[in-house]
Amino acid sequence: MVNVIGLGYIGLPTALMMASHGVEVIGTDYNAELVATLNAGKTTFKEHGLDELFRDALKAGVKFVTDYQVTDTYIVSVPTPYDKFSKKVDACYVVAAVKEVMRVCPKGATVVIESTVSPGTIEKYIRPVIEENGFTIGEDINLVHAPERIIPGNMVYELLHNNRTIGADDKAVGEKVKELYSSFCQGEIVVTDIKTAEMTKVVENTFRAVNIAFANELAKICRHDNMDVYEIIKICNMHPRVNILQPGPGVGGHCISVDPWFLVGDYPSLTKVINESMKTNDGMPDFVLNRIYEIMKENGMTDVKRVGLYGLTYKENVDDMRESPTLQLLESQERHLATGLKVYDPFIEKDVVDNQYHDLDEFLDSVDLVVIMVKHNEIKENMDKLKGKLVLDCHNICGLEGVYHI
Ligand code: SAJ
């Protein structure tokens, strides 16, 4: 039986996927409310294909509890934030989870860490926890790192199809865990050592962050000298060895905007490109705010209350607001003491910020300048409703005459 620890954005789909592929799974989360919601037959976040997967897993017998189970395999999938001051990974949740596992696990158990961690974290923080409990790693407990790679918005498909990495001290242990993941994963699964697995995951997200920062920097150059960044990126990407990502109003989520900092925190003198890239991405909400003021001035607008931000989530078609550029922009607005921007997001039903709307038409009626912060399908399908408004399109999805860009 597999005990999946942490039933959030990664743990839940992983538990459901394994269960629906014939693995006996019990999911554990210390949040009793979340466990109660799952036991009431409801998923806890919106994700394409998740409800169907949930139904299959329930039929297959998946269970959700708050306590840790006595079993032979644990998959730890809890958040790993970064310390805002040192930029280093904050492994406190992983450490706490492994401590709990140690209380109940029998000798011979395998502990798989799925959470993203910086290279060396398992050596420095996790091994000591296991050893302090009197276990010898490799003899009494097998320790493995199997970082996830799935993208919110397409998690279910990517869980099935992505290639994966498994890091283990002992190849045979890695192969055993590979067999477990092969119950559902159709991609290639590479077995390597733990530190390599830690590094590859962080590097993948850093690569994307740096590439997005490059696109954002190009957008700033093009804005400065009145060039069309989208046309330029499109043409450059026709080169067989160029693949530039898209500029945007900022980089959010719990991955791309977090993981590269781990490297900056651990190797400050060796990460100049990464550090500058992260600062560039983090500066984008402010850049958008300045664009808003510029456009207001150009059009004789004086009242910031007639400006509306479309989208609160960190990206399109998800309900996750962690590190969202819109929230960053709102914070920045408060620093400028010019509060009053209106906000709407079809995925956010609760009131989370001031001046938030829950109906697209009411939101649009209340503003003259609409800032497209997130390219949800809803706005793409309702472009005609933007006619007659000023529009700052941060994602180049609009295609209407006279639209402003970042
Ligand atoms: N973004 C841009 N321009 C782009 C692409 C994205 O500004 O061209 C922005 C998005 O709007 C968003 C942020 O970047 O605010 C991050 O979104 P994303 O779709 O790039 O990635 P995440 O954070 O949802 O998921 C990433 C993925 N990593 C890579 O693609 C290398 C995913 O595969 C990982 O599993 C996930 O991080 C994770 O959990 O680590």
# chains A, B, ... in the order shown; residues from 1 in each chain; ligands from 1

call {"tool": "select_by_dssp", "arguments": {"residues": "region 99-322 of chain A", "states": "alpha helix (DSSP H)", "output": "PyMOL selection string"}}
result
chain A and resi 99-104+121+127-132+155-161+171-181+194-224+229-236+259-266+272-282+284-298

call {"tool": "residues_near_ligand", "arguments": {"ligand": "ligand 1", "cutoff": "9 Å", "atoms": "only C-alpha atoms and all ligand atoms", "output": "compact mmCIF listing (two decimals) with all heavy atoms, in the first residue's frame"}}
result
# COMPACT_ATOMS: atom_id res chain seq x y z
N TYR A 9 -1.91 20.21 -4.78
CA TYR A 9 -1.92 20.24 -6.25
C TYR A 9 -1.18 19.06 -6.88
O TYR A 9 -1.47 18.69 -8.01
CB TYR A 9 -1.32 21.55 -6.74
CG TYR A 9 -2.24 22.73 -6.52
CD1 TYR A 9 -2.08 23.57 -5.43
CD2 TYR A 9 -3.29 22.98 -7.39
CE1 TYR A 9 -2.93 24.65 -5.21
CE2 TYR A 9 -4.15 24.05 -7.19
CZ TYR A 9 -3.97 24.89 -6.10
OH TYR A 9 -4.83 25.93 -5.89
N ILE A 10 -0.20 18.50 -6.20
CA ILE A 10 0.56 17.39 -6.78
C ILE A 10 0.17 16.06 -6.13
O ILE A 10 -0.08 15.06 -6.81
CB ILE A 10 2.08 17.62 -6.62
CG1 ILE A 10 2.50 18.92 -7.30
CG2 ILE A 10 2.89 16.43 -7.15
CD1 ILE A 10 2.18 19.02 -8.78
N SER A 115 8.30 16.36 -3.45
CA SER A 115 8.40 17.83 -3.38
C SER A 115 9.68 18.30 -4.05
O SER A 115 10.72 17.65 -3.94
CB SER A 115 8.43 18.28 -1.93
OG SER A 115 7.40 17.70 -1.18
N THR A 116 9.60 19.47 -4.70
CA THR A 116 10.78 20.05 -5.32
C THR A 116 11.72 20.59 -4.24
O THR A 116 11.29 21.36 -3.38
CB THR A 116 10.37 21.22 -6.25
OG1 THR A 116 9.45 20.71 -7.21
CG2 THR A 116 11.57 21.84 -6.94
N PRO A 147 10.95 13.81 -8.28
CA PRO A 147 10.29 15.11 -8.46
C PRO A 147 9.22 15.05 -9.56
O PRO A 147 9.43 14.40 -10.59
CB PRO A 147 11.44 16.04 -8.87
CG PRO A 147 12.49 15.14 -9.42
CD PRO A 147 12.36 13.84 -8.69
N GLU A 148 8.11 15.73 -9.30
CA GLU A 148 7.04 15.76 -10.32
C GLU A 148 7.37 16.80 -11.38
O GLU A 148 8.17 17.70 -11.15
CB GLU A 148 5.70 16.05 -9.64
CG GLU A 148 5.66 17.34 -8.81
CD GLU A 148 5.53 18.59 -9.63
OE1 GLU A 148 5.03 18.49 -10.76
OE2 GLU A 148 5.93 19.67 -9.15
N ARG A 149 6.70 16.68 -12.53
CA ARG A 149 6.93 17.62 -13.63
C ARG A 149 5.65 18.12 -14.27
O ARG A 149 5.68 18.73 -15.34
CB ARG A 149 7.72 16.91 -14.74
CG ARG A 149 9.18 16.78 -14.50
CD ARG A 149 9.76 15.93 -15.59
NE ARG A 149 11.19 16.11 -15.70
CZ ARG A 149 11.95 15.34 -16.47
NH1 ARG A 149 11.43 14.36 -17.15
NH2 ARG A 149 13.24 15.57 -16.55
N ILE A 150 4.50 17.83 -13.66
CA ILE A 150 3.23 18.10 -14.36
C ILE A 150 2.86 19.59 -14.32
O ILE A 150 3.12 20.28 -13.34
CB ILE A 150 2.08 17.26 -13.77
CG1 ILE A 150 1.99 17.44 -12.24
CG2 ILE A 150 2.27 15.81 -14.13
CD1 ILE A 150 0.84 16.68 -11.61
N ILE A 151 2.22 20.04 -15.38
CA ILE A 151 1.89 21.46 -15.48
C ILE A 151 0.42 21.71 -15.11
O ILE A 151 -0.46 21.05 -15.65
CB ILE A 151 2.23 22.01 -16.89
CG1 ILE A 151 2.25 23.54 -16.87
CG2 ILE A 151 1.26 21.51 -17.96
CD1 ILE A 151 3.24 24.14 -17.82
N PRO A 152 0.16 22.59 -14.15
CA PRO A 152 -1.24 22.91 -13.84
C PRO A 152 -1.99 23.32 -15.11
O PRO A 152 -1.47 24.06 -15.94
CB PRO A 152 -1.11 24.07 -12.85
CG PRO A 152 0.20 23.83 -12.17
CD PRO A 152 1.09 23.29 -13.25
N GLY A 153 -3.19 22.83 -15.26
CA GLY A 153 -3.97 23.08 -16.48
C GLY A 153 -3.99 21.84 -17.36
O GLY A 153 -4.91 21.62 -18.13
N MET A 155 -2.54 18.67 -15.97
CA MET A 155 -1.89 17.74 -15.03
C MET A 155 -2.19 16.27 -15.33
O MET A 155 -1.29 15.43 -15.28
CB MET A 155 -2.38 18.02 -13.61
CG MET A 155 -1.80 19.25 -13.00
SD MET A 155 -2.52 19.41 -11.36
CE MET A 155 -1.32 20.46 -10.60
N GLU A 158 -0.41 15.10 -18.39
CA GLU A 158 1.05 15.05 -18.20
C GLU A 158 1.47 13.98 -17.19
O GLU A 158 2.55 13.40 -17.33
CB GLU A 158 1.58 16.44 -17.81
CG GLU A 158 1.48 17.43 -18.96
CD GLU A 158 2.54 18.52 -18.94
OE1 GLU A 158 3.23 18.69 -17.93
OE2 GLU A 158 2.67 19.21 -19.97
N ASN A 162 4.26 12.36 -19.27
CA ASN A 162 5.60 12.96 -19.12
C ASN A 162 6.67 11.92 -18.79
O ASN A 162 6.38 10.92 -18.14
CB ASN A 162 5.60 13.97 -17.97
CG ASN A 162 5.00 15.30 -18.38
OD1 ASN A 162 4.52 15.45 -19.50
ND2 ASN A 162 5.01 16.26 -17.48
N LYS A 201 15.29 18.90 -11.56
CA LYS A 201 13.96 19.53 -11.40
C LYS A 201 14.08 21.06 -11.29
O LYS A 201 13.37 21.82 -11.94
CB LYS A 201 13.26 18.95 -10.18
CG LYS A 201 12.01 19.67 -9.74
CD LYS A 201 10.92 19.61 -10.79
CE LYS A 201 9.92 20.73 -10.65
NZ LYS A 201 8.67 20.40 -10.10
N VAL A 202 15.03 21.50 -10.47
CA VAL A 202 15.20 22.94 -10.27
C VAL A 202 15.70 23.60 -11.57
O VAL A 202 15.27 24.70 -11.93
CB VAL A 202 16.15 23.21 -9.08
CG1 VAL A 202 16.41 24.69 -8.92
CG2 VAL A 202 15.57 22.66 -7.79
N VAL A 203 16.57 22.90 -12.28
CA VAL A 203 17.12 23.44 -13.53
C VAL A 203 16.02 23.60 -14.59
O VAL A 203 15.97 24.60 -15.32
CB VAL A 203 18.28 22.56 -14.05
CG1 VAL A 203 18.65 22.91 -15.48
CG2 VAL A 203 19.50 22.71 -13.14
N GLU A 204 15.13 22.63 -14.67
CA GLU A 204 14.06 22.71 -15.68
C GLU A 204 13.22 23.97 -15.46
O GLU A 204 12.95 24.72 -16.42
CB GLU A 204 13.15 21.47 -15.57
CG GLU A 204 13.81 20.20 -16.07
CD GLU A 204 13.18 18.93 -15.51
OE1 GLU A 204 12.07 18.98 -14.93
OE2 GLU A 204 13.81 17.86 -15.64
N ASN A 205 12.84 24.21 -14.21
CA ASN A 205 12.03 25.40 -13.94
C ASN A 205 12.84 26.69 -14.09
O ASN A 205 12.31 27.73 -14.49
CB ASN A 205 11.39 25.30 -12.55
CG ASN A 205 10.15 24.41 -12.57
OD1 ASN A 205 9.70 23.99 -13.63
ND2 ASN A 205 9.61 24.12 -11.41
N THR A 206 14.14 26.61 -13.80
CA THR A 206 14.99 27.79 -13.95
C THR A 206 15.15 28.14 -15.43
O THR A 206 15.12 29.31 -15.83
CB THR A 206 16.37 27.54 -13.30
OG1 THR A 206 16.16 27.22 -11.92
CG2 THR A 206 17.26 28.76 -13.40
N PHE A 207 15.29 27.11 -16.26
CA PHE A 207 15.40 27.34 -17.70
C PHE A 207 14.19 28.12 -18.20
O PHE A 207 14.31 29.10 -18.95
CB PHE A 207 15.50 25.99 -18.44
CG PHE A 207 15.36 26.11 -19.93
CD1 PHE A 207 16.42 26.55 -20.70
CD2 PHE A 207 14.16 25.81 -20.56
CE1 PHE A 207 16.29 26.69 -22.08
CE2 PHE A 207 14.03 25.94 -21.93
CZ PHE A 207 15.09 26.38 -22.69
N ARG A 208 13.01 27.70 -17.74
CA ARG A 208 11.78 28.38 -18.20
C ARG A 208 11.73 29.82 -17.65
O ARG A 208 11.37 30.74 -18.38
CB ARG A 208 10.56 27.56 -17.75
CG ARG A 208 9.28 27.95 -18.46
CD ARG A 208 8.27 26.82 -18.37
NE ARG A 208 6.93 27.20 -18.79
CZ ARG A 208 6.50 27.18 -20.04
NH1 ARG A 208 7.31 26.80 -21.01
NH2 ARG A 208 5.27 27.53 -20.34
N ALA A 209 12.11 29.99 -16.41
CA ALA A 209 12.09 31.33 -15.82
C ALA A 209 13.02 32.28 -16.56
O ALA A 209 12.68 33.44 -16.83
CB ALA A 209 12.48 31.26 -14.33
N ASN A 211 14.12 31.98 -19.65
CA ASN A 211 13.60 32.21 -21.01
C ASN A 211 12.46 33.24 -20.99
O ASN A 211 12.40 34.14 -21.83
CB ASN A 211 13.13 30.87 -21.61
CG ASN A 211 12.88 30.95 -23.10
OD1 ASN A 211 12.55 32.02 -23.63
ND2 ASN A 211 13.00 29.84 -23.80
N ILE A 212 11.58 33.14 -19.99
CA ILE A 212 10.48 34.12 -19.88
C ILE A 212 11.06 35.51 -19.58
O ILE A 212 10.61 36.52 -20.14
CB ILE A 212 9.45 33.70 -18.80
CG1 ILE A 212 8.77 32.38 -19.17
CG2 ILE A 212 8.39 34.79 -18.60
CD1 ILE A 212 7.94 31.74 -18.06
N ALA A 213 12.08 35.55 -18.71
CA ALA A 213 12.71 36.84 -18.38
C ALA A 213 13.30 37.47 -19.64
O ALA A 213 13.22 38.69 -19.84
CB ALA A 213 13.79 36.65 -17.33
N ALA A 215 12.22 37.08 -22.69
CA ALA A 215 11.08 37.61 -23.46
C ALA A 215 10.58 38.92 -22.83
O ALA A 215 10.26 39.88 -23.54
CB ALA A 215 9.96 36.58 -23.51
N ASN A 216 10.54 38.96 -21.49
CA ASN A 216 10.09 40.19 -20.81
C ASN A 216 11.05 41.35 -21.07
O ASN A 216 10.64 42.49 -21.28
CB ASN A 216 9.93 39.94 -19.31
CG ASN A 216 8.66 39.15 -18.99
OD1 ASN A 216 7.69 39.21 -19.73
ND2 ASN A 216 8.67 38.41 -17.88
N ILE A 244 11.92 31.31 -28.27
CA ILE A 244 11.72 32.29 -27.19
C ILE A 244 10.28 32.17 -26.68
O ILE A 244 9.35 32.04 -27.47
CB ILE A 244 11.97 33.73 -27.72
CG1 ILE A 244 13.34 33.81 -28.40
CG2 ILE A 244 11.84 34.76 -26.59
CD1 ILE A 244 13.54 35.08 -29.23
N LEU A 245 10.12 32.22 -25.37
CA LEU A 245 8.77 32.17 -24.78
C LEU A 245 8.11 33.55 -24.91
O LEU A 245 8.64 34.43 -25.60
CB LEU A 245 8.85 31.69 -23.34
CG LEU A 245 9.22 30.19 -23.23
CD1 LEU A 245 9.51 29.81 -21.79
CD2 LEU A 245 8.11 29.30 -23.78
N GLN A 246 6.99 33.74 -24.25
CA GLN A 246 6.21 34.96 -24.44
C GLN A 246 6.35 35.92 -23.25
O GLN A 246 6.36 35.48 -22.10
CB GLN A 246 4.72 34.60 -24.59
CG GLN A 246 4.40 33.82 -25.84
CD GLN A 246 4.75 34.58 -27.11
OE1 GLN A 246 4.32 35.72 -27.29
NE2 GLN A 246 5.52 33.97 -27.99
N PRO A 247 6.43 37.23 -23.52
CA PRO A 247 6.41 38.18 -22.41
C PRO A 247 5.03 38.17 -21.75
O PRO A 247 4.07 37.72 -22.36
CB PRO A 247 6.67 39.53 -23.09
CG PRO A 247 6.29 39.34 -24.50
CD PRO A 247 6.44 37.89 -24.84
N GLY A 248 4.96 38.66 -20.54
CA GLY A 248 3.67 38.68 -19.84
C GLY A 248 3.72 39.65 -18.67
O GLY A 248 4.73 40.31 -18.44
N PRO A 249 2.62 39.72 -17.91
CA PRO A 249 2.54 40.70 -16.82
C PRO A 249 3.28 40.27 -15.56
O PRO A 249 3.20 40.94 -14.53
CB PRO A 249 1.04 40.76 -16.54
CG PRO A 249 0.52 39.41 -16.93
CD PRO A 249 1.36 38.97 -18.09
N GLY A 250 3.99 39.14 -15.65
CA GLY A 250 4.73 38.65 -14.49
C GLY A 250 4.69 37.15 -14.46
O GLY A 250 3.98 36.53 -15.25
N VAL A 251 5.46 36.57 -13.56
CA VAL A 251 5.52 35.11 -13.46
C VAL A 251 5.02 34.70 -12.08
O VAL A 251 5.56 35.14 -11.06
CB VAL A 251 6.96 34.62 -13.70
CG1 VAL A 251 7.10 33.15 -13.37
CG2 VAL A 251 7.34 34.86 -15.16
N GLY A 252 3.97 33.90 -12.08
CA GLY A 252 3.42 33.46 -10.80
C GLY A 252 3.48 31.96 -10.65
O GLY A 252 4.21 31.27 -11.35
N GLY A 253 2.67 31.46 -9.71
CA GLY A 253 2.65 30.02 -9.45
C GLY A 253 3.67 29.66 -8.40
O GLY A 253 4.52 30.47 -8.02
N HIS A 254 3.61 28.40 -7.99
CA HIS A 254 4.47 28.00 -6.90
C HIS A 254 5.76 27.36 -7.40
O HIS A 254 6.53 26.80 -6.61
CB HIS A 254 3.71 27.02 -5.99
CG HIS A 254 4.36 26.88 -4.67
ND1 HIS A 254 4.58 27.97 -3.84
CD2 HIS A 254 4.91 25.82 -4.04
CE1 HIS A 254 5.21 27.56 -2.77
NE2 HIS A 254 5.43 26.27 -2.86
N CYS A 255 6.01 27.44 -8.73
CA CYS A 255 7.16 26.69 -9.26
C CYS A 255 8.17 27.61 -9.92
O CYS A 255 9.27 27.82 -9.42
CB CYS A 255 6.66 25.66 -10.27
SG CYS A 255 5.30 24.71 -9.61
N ILE A 256 7.78 28.17 -11.08
CA ILE A 256 8.72 28.97 -11.86
C ILE A 256 9.14 30.24 -11.11
O ILE A 256 10.24 30.74 -11.28
CB ILE A 256 8.08 29.37 -13.22
CG1 ILE A 256 7.52 28.16 -13.94
CG2 ILE A 256 9.02 30.16 -14.08
CD1 ILE A 256 8.46 27.36 -14.74
N SER A 257 8.24 30.75 -10.28
CA SER A 257 8.58 31.99 -9.56
C SER A 257 9.27 31.69 -8.23
O SER A 257 9.60 32.62 -7.50
CB SER A 257 7.32 32.84 -9.34
OG SER A 257 6.49 32.21 -8.40
N VAL A 258 9.44 30.43 -7.91
CA VAL A 258 10.04 30.06 -6.61
C VAL A 258 11.35 29.28 -6.78
O VAL A 258 12.41 29.66 -6.26
CB VAL A 258 9.03 29.21 -5.78
CG1 VAL A 258 9.68 28.66 -4.52
CG2 VAL A 258 7.78 30.02 -5.44
N ASP A 259 11.29 28.17 -7.52
CA ASP A 259 12.42 27.23 -7.54
C ASP A 259 13.77 27.85 -7.95
O ASP A 259 14.80 27.50 -7.36
CB ASP A 259 12.11 26.02 -8.46
CG ASP A 259 10.83 25.30 -8.04
OD1 ASP A 259 10.33 25.58 -6.93
OD2 ASP A 259 10.34 24.47 -8.81
N ASN A 281 11.49 39.22 -13.95
CA ASN A 281 10.11 38.69 -13.91
C ASN A 281 9.32 39.33 -12.77
O ASN A 281 8.16 39.71 -12.94
CB ASN A 281 10.13 37.17 -13.75
CG ASN A 281 10.64 36.49 -15.02
OD1 ASN A 281 10.60 37.07 -16.10
ND2 ASN A 281 11.12 35.26 -14.88
N THR A 313 -5.78 34.82 -11.09
CA THR A 313 -5.00 33.59 -10.91
C THR A 313 -3.61 33.79 -11.50
O THR A 313 -3.36 34.76 -12.22
CB THR A 313 -5.69 32.41 -11.61
OG1 THR A 313 -5.79 32.71 -13.00
CG2 THR A 313 -7.07 32.17 -11.03
N TYR A 314 -2.71 32.84 -11.23
CA TYR A 314 -1.34 33.06 -11.71
C TYR A 314 -1.18 32.77 -13.19
O TYR A 314 -0.23 33.23 -13.81
CB TYR A 314 -0.35 32.25 -10.86
CG TYR A 314 -0.08 30.83 -11.28
CD1 TYR A 314 0.92 30.52 -12.20
CD2 TYR A 314 -0.82 29.78 -10.77
CE1 TYR A 314 1.17 29.22 -12.59
CE2 TYR A 314 -0.57 28.48 -11.13
CZ TYR A 314 0.43 28.20 -12.05
OH TYR A 314 0.67 26.91 -12.42
N LYS A 315 -2.15 32.01 -13.75
CA LYS A 315 -2.15 31.82 -15.20
C LYS A 315 -3.54 31.37 -15.66
O LYS A 315 -4.45 31.24 -14.84
CB LYS A 315 -1.07 30.85 -15.65
CG LYS A 315 -1.31 29.41 -15.24
CD LYS A 315 -0.27 28.52 -15.92
CE LYS A 315 -0.58 27.08 -15.66
NZ LYS A 315 0.40 26.19 -16.25
N GLU A 316 -3.67 31.12 -16.94
CA GLU A 316 -4.98 30.86 -17.52
C GLU A 316 -5.61 29.52 -17.11
O GLU A 316 -4.91 28.52 -16.97
CB GLU A 316 -4.90 30.92 -19.06
CG GLU A 316 -4.10 29.84 -19.75
CD GLU A 316 -2.60 30.09 -19.77
OE1 GLU A 316 -2.12 30.99 -19.06
OE2 GLU A 316 -1.91 29.36 -20.50
N GLU A 323 1.34 33.48 -5.76
CA GLU A 323 2.33 34.38 -6.39
C GLU A 323 1.77 35.05 -7.65
O GLU A 323 2.52 35.36 -8.58
CB GLU A 323 3.63 33.63 -6.76
CG GLU A 323 4.14 32.61 -5.78
CD GLU A 323 4.67 33.21 -4.48
OE1 GLU A 323 5.18 34.34 -4.52
OE2 GLU A 323 4.55 32.54 -3.45
N SER A 324 0.48 35.25 -7.69
CA SER A 324 -0.13 35.77 -8.93
C SER A 324 0.33 37.20 -9.25
O SER A 324 0.40 38.06 -8.36
CB SER A 324 -1.65 35.72 -8.77
OG SER A 324 -2.23 36.95 -9.08
N PRO A 325 0.67 37.48 -10.53
CA PRO A 325 1.07 38.83 -10.91
C PRO A 325 0.02 39.87 -10.57
O PRO A 325 0.35 41.00 -10.21
CB PRO A 325 1.27 38.72 -12.43
CG PRO A 325 1.65 37.30 -12.66
CD PRO A 325 0.86 36.52 -11.64
N MET A 373 -4.84 40.57 -17.62
CA MET A 373 -3.71 40.04 -16.85
C MET A 373 -3.58 38.53 -17.06
O MET A 373 -2.49 37.97 -16.92
CB MET A 373 -3.91 40.31 -15.35
CG MET A 373 -3.89 41.77 -14.96
SD MET A 373 -2.25 42.49 -15.17
CE MET A 373 -1.30 41.72 -13.85
N VAL A 374 -4.70 37.86 -17.34
CA VAL A 374 -4.70 36.39 -17.47
C VAL A 374 -5.51 36.03 -18.71
O VAL A 374 -6.61 36.56 -18.91
CB VAL A 374 -5.34 35.73 -16.22
CG1 VAL A 374 -5.24 34.21 -16.32
CG2 VAL A 374 -4.67 36.22 -14.93
N LYS A 375 -4.99 35.12 -19.53
CA LYS A 375 -5.70 34.79 -20.80
C LYS A 375 -6.63 33.59 -20.63
O LYS A 375 -6.50 32.58 -21.32
CB LYS A 375 -4.69 34.59 -21.93
CG LYS A 375 -3.55 33.66 -21.61
CD LYS A 375 -2.59 33.53 -22.79
CE LYS A 375 -1.43 32.65 -22.35
NZ LYS A 375 -0.45 32.30 -23.22
N HIS A 395 -1.16 39.84 -22.97
CA HIS A 395 -0.84 38.53 -23.55
C HIS A 395 -1.00 38.48 -25.08
O HIS A 395 -0.92 37.40 -25.66
CB HIS A 395 -1.71 37.44 -22.93
CG HIS A 395 -1.40 37.21 -21.48
ND1 HIS A 395 -0.32 36.48 -21.08
CD2 HIS A 395 -2.04 37.64 -20.35
CE1 HIS A 395 -0.30 36.44 -19.74
NE2 HIS A 395 -1.32 37.15 -19.28

call {"tool": "residues_around", "arguments": {"residues": "Gly265 (chain A)", "least_positions_apart": "2", "cutoff": "10 Å", "atoms": "only C-alpha atoms", "output": "PyMOL selection string"}}
result
chain A and resi 82-89+118+260-263+267-269+271+275

call {"tool": "select_by_dssp", "arguments": {"residues": "region 240-368 of chain A", "states": "strand (DSSP E or B)", "output": "JSON, numbers by chain"}}
result
{"A": [307, 308, 309, 310, 342, 343, 344, 356, 357]}

call {"tool": "atom_distance", "arguments": {"atom1": "CA of Lys305 (chain A)", "atom2": "CA of Ile292 (chain A)"}}
result
12.0 Å

call {"tool": "closest_atom_pairs", "arguments": {"of": "region 192-254 of chain A", "to": "region 165-169 of chain A", "cutoff": "12 Å", "atoms": "only C-alpha atoms", "output": "tab-separated table"}}
result
residue	atom	partner	partner_atom	distance
A:Thr192	CA	A:Gly167	CA	4.7
A:Asp193	CA	A:Gly167	CA	4.3
A:Ile194	CA	A:Gly167	CA	4.0
A:Lys195	CA	A:Gly167	CA	7.2
A:Thr196	CA	A:Gly167	CA	7.0
A:Ala197	CA	A:Gly167	CA	5.1
A:Glu198	CA	A:Gly167	CA	7.8
A:Met199	CA	A:Gly167	CA	10.3
A:Thr200	CA	A:Thr165	CA	8.3
A:Lys201	CA	A:Thr165	CA	8.5
A:Glu204	CA	A:Thr165	CA	11.8

call {"tool": "atom_distance", "arguments": {"atom1": "CA of Val65 (chain A)", "atom2": "CA of Val23 (chain A)"}}
result
17.0 Å

call {"tool": "closest_residue", "arguments": {"among": "A:Leu364, A:Leu386, A:Leu53, A:Val403", "to": "Tyr344 (chain A)", "atoms": "only C-alpha atoms"}}
result
A:Leu364

call {"tool": "residues_around", "arguments": {"residues": "Lys99 (chain A)", "least_positions_apart": "3", "cutoff": "8 Å", "atoms": "only C-alpha atoms", "output": "list of chain:residue names"}}
result
A:Val95, A:Ala96, A:Met102, A:Arg103, A:Val129, A:Ile130

call {"tool": "write_last_selection", "arguments": {"atoms": "all heavy atoms", "output": "JSON list (two decimals), in the first residue's frame"}}
result
[["chain", "number", "residue", "atom", "x", "y", "z"],
["A", 95, "VAL", "N", 10.54, 18.17, 6.13],
["A", 95, "VAL", "CA", 11.16, 17.62, 7.35],
["A", 95, "VAL", "C", 10.06, 17.16, 8.31],
["A", 95, "VAL", "O", 10.11, 16.05, 8.85],
["A", 95, "VAL", "CB", 12.07, 18.68, 8.01],
["A", 95, "VAL", "CG1", 12.47, 18.27, 9.42],
["A", 95, "VAL", "CG2", 13.31, 18.91, 7.15],
["A", 96, "ALA", "N", 9.03, 18.00, 8.51],
["A", 96, "ALA", "CA", 7.94, 17.64, 9.44],
["A", 96, "ALA", "C", 7.24, 16.36, 8.96],
["A", 96, "ALA", "O", 6.93, 15.49, 9.78],
["A", 96, "ALA", "CB", 6.95, 18.79, 9.54],
["A", 102, "MET", "N", 8.53, 8.69, 10.14],
["A", 102, "MET", "CA", 9.45, 7.91, 10.97],
["A", 102, "MET", "C", 8.77, 7.33, 12.22],
["A", 102, "MET", "O", 9.13, 6.30, 12.72],
["A", 102, "MET", "CB", 10.65, 8.78, 11.40],
["A", 102, "MET", "CG", 11.60, 9.13, 10.28],
["A", 102, "MET", "SD", 12.25, 7.65, 9.48],
["A", 102, "MET", "CE", 11.44, 7.69, 7.90],
["A", 103, "ARG", "N", 7.74, 8.06, 12.70],
["A", 103, "ARG", "CA", 7.02, 7.58, 13.90],
["A", 103, "ARG", "C", 6.29, 6.27, 13.64],
["A", 103, "ARG", "O", 6.09, 5.49, 14.54],
["A", 103, "ARG", "CB", 5.95, 8.62, 14.28],
["A", 103, "ARG", "CG", 6.45, 9.73, 15.15],
["A", 103, "ARG", "CD", 5.19, 10.51, 15.60],
["A", 103, "ARG", "NE", 5.44, 11.93, 15.49],
["A", 103, "ARG", "CZ", 6.05, 12.63, 16.43],
["A", 103, "ARG", "NH1", 6.44, 12.03, 17.52],
["A", 103, "ARG", "NH2", 6.27, 13.91, 16.27],
["A", 129, "VAL", "N", 17.08, 13.26, 9.72],
["A", 129, "VAL", "CA", 15.82, 12.94, 10.40],
["A", 129, "VAL", "C", 15.65, 11.42, 10.48],
["A", 129, "VAL", "O", 15.24, 10.87, 11.51],
["A", 129, "VAL", "CB", 14.62, 13.56, 9.63],
["A", 129, "VAL", "CG1", 13.30, 13.06, 10.19],
["A", 129, "VAL", "CG2", 14.68, 15.07, 9.67],
["A", 130, "ILE", "N", 16.00, 10.74, 9.39],
["A", 130, "ILE", "CA", 15.84, 9.28, 9.36],
["A", 130, "ILE", "C", 16.84, 8.63, 10.31],
["A", 130, "ILE", "O", 16.49, 7.74, 11.11],
["A", 130, "ILE", "CB", 16.02, 8.77, 7.91],
["A", 130, "ILE", "CG1", 14.92, 9.38, 7.01],
["A", 130, "ILE", "CG2", 16.00, 7.24, 7.85],
["A", 130, "ILE", "CD1", 15.03, 9.08, 5.54]]

call {"tool": "atom_distance", "arguments": {"atom1": "CA of Glu139 (chain A)", "atom2": "CA of Asp170 (chain A)"}}
result
10.7 Å

call {"tool": "closest_residue", "arguments": {"among": "A:Gly134, A:Met1, A:Leu309, A:Thr73", "to": "Ile113 (chain A)", "atoms": "only C-alpha atoms"}}
result
A:Thr73

call {"tool": "closest_residue", "arguments": {"among": "A:His239, A:Lys59, A:Lys279, A:Arg164", "to": "Glu217 (chain A)", "atoms": "only C-alpha atoms"}}
result
A:Lys279
